[in-house]
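All remarks here apply to the structure that follows.
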Amino acid sequence: MAQELTGWRRRRVELQWYRAVYKQQARGLWVLRGKKHGRHAVIFGKPIIDATDLEVGDDFKVWAGPRPTLISGWGRMRFGDRCFVNVGSTIISVEEIIVGDDVAFANDVYVMDSDSHGVEGRPHKQAPIHIGDGCWIGARAIILPGVTLGKRVLVAAGAVVTRDVPDDCLVAGNPARIVRELSYPVGCRRAWHDEHCPCPKIEAVEDTA
């Protein structure tokens with residue numbers, strides 16, 4: 001009897017999980033209605049997504065919570081496959097923002113391709129932003145206009161990126177500077193790693209010292 005009850009509880013939990021997933025996917029279809037999008041978009045919470053020239057790839061995920069998540073602007077904006085935008089992030093395109101595949105934006109990230117206003121009587125800066133495949137933008141990092149990030153770049157939390165960054169680098173600080181080059185296993189596609197990462201698994205090396 002106990003085993004049957006345990007099996008019933010497990011099935012109930014599974015049904016609740018599937019219901020939550022379908023609900024989030026349905027919300028994704030609703031929020032992205034009228035925009036070109038791939039399969040399995042998932043929306044958590046109530047982000048503001050009103051960019052007028054937006055296209056997203058497969059498995060696009062956005063979280064929103066107490067701090068609103070904003071994806072906006074009238075410029076060209078493109079996200080590749082398997083991108084993730086976390087709570088509180090702001091991404092605004094006036095000219096062009098291009099994001100590759102497997103890119104993750106942590107919480108409260110700010111990305112905008114225009115300064116909006118100049119200083120000392122000079123015109124404001126406006127230039128496209130390109131973010132390469134597999135990048136991980138840390139919490140509260142800022143990407144300024146005209147920046148191009150290479151593939152698998154890791155931007156540390158709180159960094160302010162003012163200039164281009166080559167492939168496979170960790171940058172930190174204000175203004176952000178290269179801390180070191182990153183070394184990935186063969187076939188690894190992204191800087192952020194978890195149990196769902198498609199890259200080869202790395203066996204733990206025990207310290208024998």
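Chain labels run A, B, ... following the order of the structure tokens; each chain numbers its residues from 1, and ligands are numbered from 1 in the order shown.
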ask   = Contacts of Phe84 in chain A at 10 Å or less, counting only C-alpha atoms, minus same-chain residues fewer than 3 places along, as an MDAnalysis selection string?
value = chainID A and resid 42 59:63 79 81 87 101:106 136
Would you export the selected residues with N, CA and C atoms as a PDB file, in the first residue's frame, please?
```pdb
ATOM      1  N   VAL A  42      10.188  29.895 -23.168  1.00  0.00           N
ATOM      2  CA  VAL A  42       9.649  29.788 -21.811  1.00  0.00           C
ATOM      3  C   VAL A  42       9.756  31.146 -21.129  1.00  0.00           C
ATOM      4  N   ASP A  59      14.325  27.487 -27.636  1.00  0.00           N
ATOM      5  CA  ASP A  59      14.606  27.366 -26.197  1.00  0.00           C
ATOM      6  C   ASP A  59      15.019  28.691 -25.563  1.00  0.00           C
ATOM      7  N   PHE A  60      14.375  29.764 -25.964  1.00  0.00           N
ATOM      8  CA  PHE A  60      14.615  31.091 -25.395  1.00  0.00           C
ATOM      9  C   PHE A  60      13.914  31.174 -24.047  1.00  0.00           C
ATOM     10  N   LYS A  61      14.641  31.606 -23.003  1.00  0.00           N
ATOM     11  CA  LYS A  61      14.080  31.661 -21.662  1.00  0.00           C
ATOM     12  C   LYS A  61      14.291  33.043 -21.052  1.00  0.00           C
ATOM     13  N   VAL A  62      13.245  33.552 -20.424  1.00  0.00           N
ATOM     14  CA  VAL A  62      13.303  34.846 -19.744  1.00  0.00           C
ATOM     15  C   VAL A  62      12.658  34.705 -18.372  1.00  0.00           C
ATOM     16  N   TRP A  63      13.351  35.225 -17.349  1.00  0.00           N
ATOM     17  CA  TRP A  63      12.789  35.264 -16.009  1.00  0.00           C
ATOM     18  C   TRP A  63      12.491  36.701 -15.626  1.00  0.00           C
ATOM     19  N   PHE A  79      18.355  37.109 -30.996  1.00  0.00           N
ATOM     20  CA  PHE A  79      18.895  36.140 -30.054  1.00  0.00           C
ATOM     21  C   PHE A  79      18.997  34.793 -30.757  1.00  0.00           C
ATOM     22  N   ASP A  81      19.862  30.453 -30.446  1.00  0.00           N
ATOM     23  CA  ASP A  81      19.219  29.351 -29.734  1.00  0.00           C
ATOM     24  C   ASP A  81      19.749  29.246 -28.299  1.00  0.00           C
ATOM     25  N   VAL A  87      16.317  37.658 -14.228  1.00  0.00           N
ATOM     26  CA  VAL A  87      15.469  38.680 -13.639  1.00  0.00           C
ATOM     27  C   VAL A  87      16.199  40.026 -13.508  1.00  0.00           C
ATOM     28  N   ASP A 101      24.268  32.010 -30.035  1.00  0.00           N
ATOM     29  CA  ASP A 101      23.670  30.860 -29.374  1.00  0.00           C
ATOM     30  C   ASP A 101      24.268  30.668 -27.976  1.00  0.00           C
ATOM     31  N   ASP A 102      23.502  30.038 -27.089  1.00  0.00           N
ATOM     32  CA  ASP A 102      23.997  29.603 -25.777  1.00  0.00           C
ATOM     33  C   ASP A 102      24.559  30.754 -24.945  1.00  0.00           C
ATOM     34  N   VAL A 103      23.886  31.886 -24.966  1.00  0.00           N
ATOM     35  CA  VAL A 103      24.317  33.059 -24.190  1.00  0.00           C
ATOM     36  C   VAL A 103      23.426  33.215 -22.968  1.00  0.00           C
ATOM     37  N   ALA A 104      24.036  33.498 -21.810  1.00  0.00           N
ATOM     38  CA  ALA A 104      23.285  33.691 -20.578  1.00  0.00           C
ATOM     39  C   ALA A 104      23.538  35.087 -20.021  1.00  0.00           C
ATOM     40  N   PHE A 105      22.451  35.788 -19.709  1.00  0.00           N
ATOM     41  CA  PHE A 105      22.515  37.073 -19.027  1.00  0.00           C
ATOM     42  C   PHE A 105      22.075  36.846 -17.586  1.00  0.00           C
ATOM     43  N   ALA A 106      22.949  37.093 -16.634  1.00  0.00           N
ATOM     44  CA  ALA A 106      22.600  36.931 -15.222  1.00  0.00           C
ATOM     45  C   ALA A 106      21.662  38.054 -14.791  1.00  0.00           C
ATOM     46  N   TRP A 136      28.796  34.364 -21.139  1.00  0.00           N
ATOM     47  CA  TRP A 136      28.097  34.451 -19.858  1.00  0.00           C
ATOM     48  C   TRP A 136      28.325  35.850 -19.313  1.00  0.00           C
TER      49      TRP A 136
END
```
inquiry  = I'd like the contact shell of range 67-77 of chain A - 8 Å cut-off, only C-alpha atoms, skipping same-chain residues fewer than 5 positions apart - returned as an MDAnalysis selection string.
reply    = chainID A and resid 46:55 86:99
Using only C-alpha atoms, which residues sit within 12 Å of range 166-180 of chain A once same-chain residues fewer than 2 positions away are excluded, as a PDB file with C-alpha atoms, in the first residue's frame?
```pdb
ATOM      1  CA  HIS A 130      27.498  41.868 -30.864  1.00  0.00           C
ATOM      2  CA  ILE A 131      27.706  39.086 -28.265  1.00  0.00           C
ATOM      3  CA  GLY A 132      29.305  35.845 -29.446  1.00  0.00           C
ATOM      4  CA  ASP A 133      28.178  32.268 -28.916  1.00  0.00           C
ATOM      5  CA  GLY A 134      28.465  30.823 -25.438  1.00  0.00           C
ATOM      6  CA  CYS A 135      29.054  34.058 -23.506  1.00  0.00           C
ATOM      7  CA  TRP A 136      28.097  34.451 -19.858  1.00  0.00           C
ATOM      8  CA  ILE A 137      27.328  37.993 -18.708  1.00  0.00           C
ATOM      9  CA  GLY A 138      27.597  38.179 -14.920  1.00  0.00           C
ATOM     10  CA  ALA A 139      25.237  39.856 -12.484  1.00  0.00           C
ATOM     11  CA  ARG A 140      24.946  43.651 -12.812  1.00  0.00           C
ATOM     12  CA  ALA A 141      27.455  43.804 -15.647  1.00  0.00           C
ATOM     13  CA  ILE A 142      27.076  46.593 -18.211  1.00  0.00           C
ATOM     14  CA  ILE A 143      27.770  46.274 -21.948  1.00  0.00           C
ATOM     15  CA  LEU A 144      28.228  49.673 -23.600  1.00  0.00           C
ATOM     16  CA  VAL A 147      31.208  46.461 -27.986  1.00  0.00           C
ATOM     17  CA  THR A 148      31.793  43.074 -29.625  1.00  0.00           C
ATOM     18  CA  LEU A 149      32.322  40.045 -27.395  1.00  0.00           C
ATOM     19  CA  GLY A 150      33.970  36.995 -28.910  1.00  0.00           C
ATOM     20  CA  LYS A 151      32.869  33.422 -28.271  1.00  0.00           C
ATOM     21  CA  ARG A 152      32.698  31.979 -24.753  1.00  0.00           C
ATOM     22  CA  VAL A 153      33.577  35.233 -23.034  1.00  0.00           C
ATOM     23  CA  LEU A 154      32.920  35.405 -19.293  1.00  0.00           C
ATOM     24  CA  VAL A 155      32.053  38.905 -18.064  1.00  0.00           C
ATOM     25  CA  ALA A 156      32.484  39.088 -14.294  1.00  0.00           C
ATOM     26  CA  ALA A 157      29.767  40.454 -12.037  1.00  0.00           C
ATOM     27  CA  GLY A 158      29.686  44.241 -11.968  1.00  0.00           C
ATOM     28  CA  ALA A 159      32.051  44.664 -14.925  1.00  0.00           C
ATOM     29  CA  VAL A 160      31.597  47.600 -17.306  1.00  0.00           C
ATOM     30  CA  VAL A 161      32.627  46.508 -20.810  1.00  0.00           C
ATOM     31  CA  THR A 162      33.701  49.486 -22.915  1.00  0.00           C
ATOM     32  CA  ARG A 163      35.700  47.789 -25.682  1.00  0.00           C
ATOM     33  CA  ASP A 164      35.884  44.576 -27.703  1.00  0.00           C
ATOM     34  CA  LEU A 182      39.916  30.632 -20.518  1.00  0.00           C
ATOM     35  CA  SER A 183      40.616  27.015 -21.445  1.00  0.00           C
ATOM     36  CA  TYR A 184      37.670  24.816 -22.378  1.00  0.00           C
ATOM     37  CA  PRO A 185      37.450  21.072 -23.102  1.00  0.00           C
ATOM     38  CA  CYS A 188      32.526  22.913 -25.033  1.00  0.00           C
ATOM     39  CA  ARG A 189      30.145  25.528 -26.415  1.00  0.00           C
ATOM     40  CA  ARG A 190      29.535  27.937 -23.565  1.00  0.00           C
ATOM     41  CA  ALA A 191      31.190  29.698 -20.640  1.00  0.00           C
ATOM     42  CA  TRP A 192      28.389  28.863 -18.196  1.00  0.00           C
TER      43      TRP A 192
END
```
task = Would you please extract all strand (DSSP E or B) residues from range 81-147 of chain A, as assigned by DSSP on the backbone, and give them as a count of residues only?
result = 23
ask   = Neighbours of Ser114 in chain A within 6 Å (only C-alpha atoms; same-chain residues fewer than 5 positions away dropped), as a list in words?
value =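 Close residues of Ser114 in chain A: Lys125, Gln126 and Pro145 of chain A.
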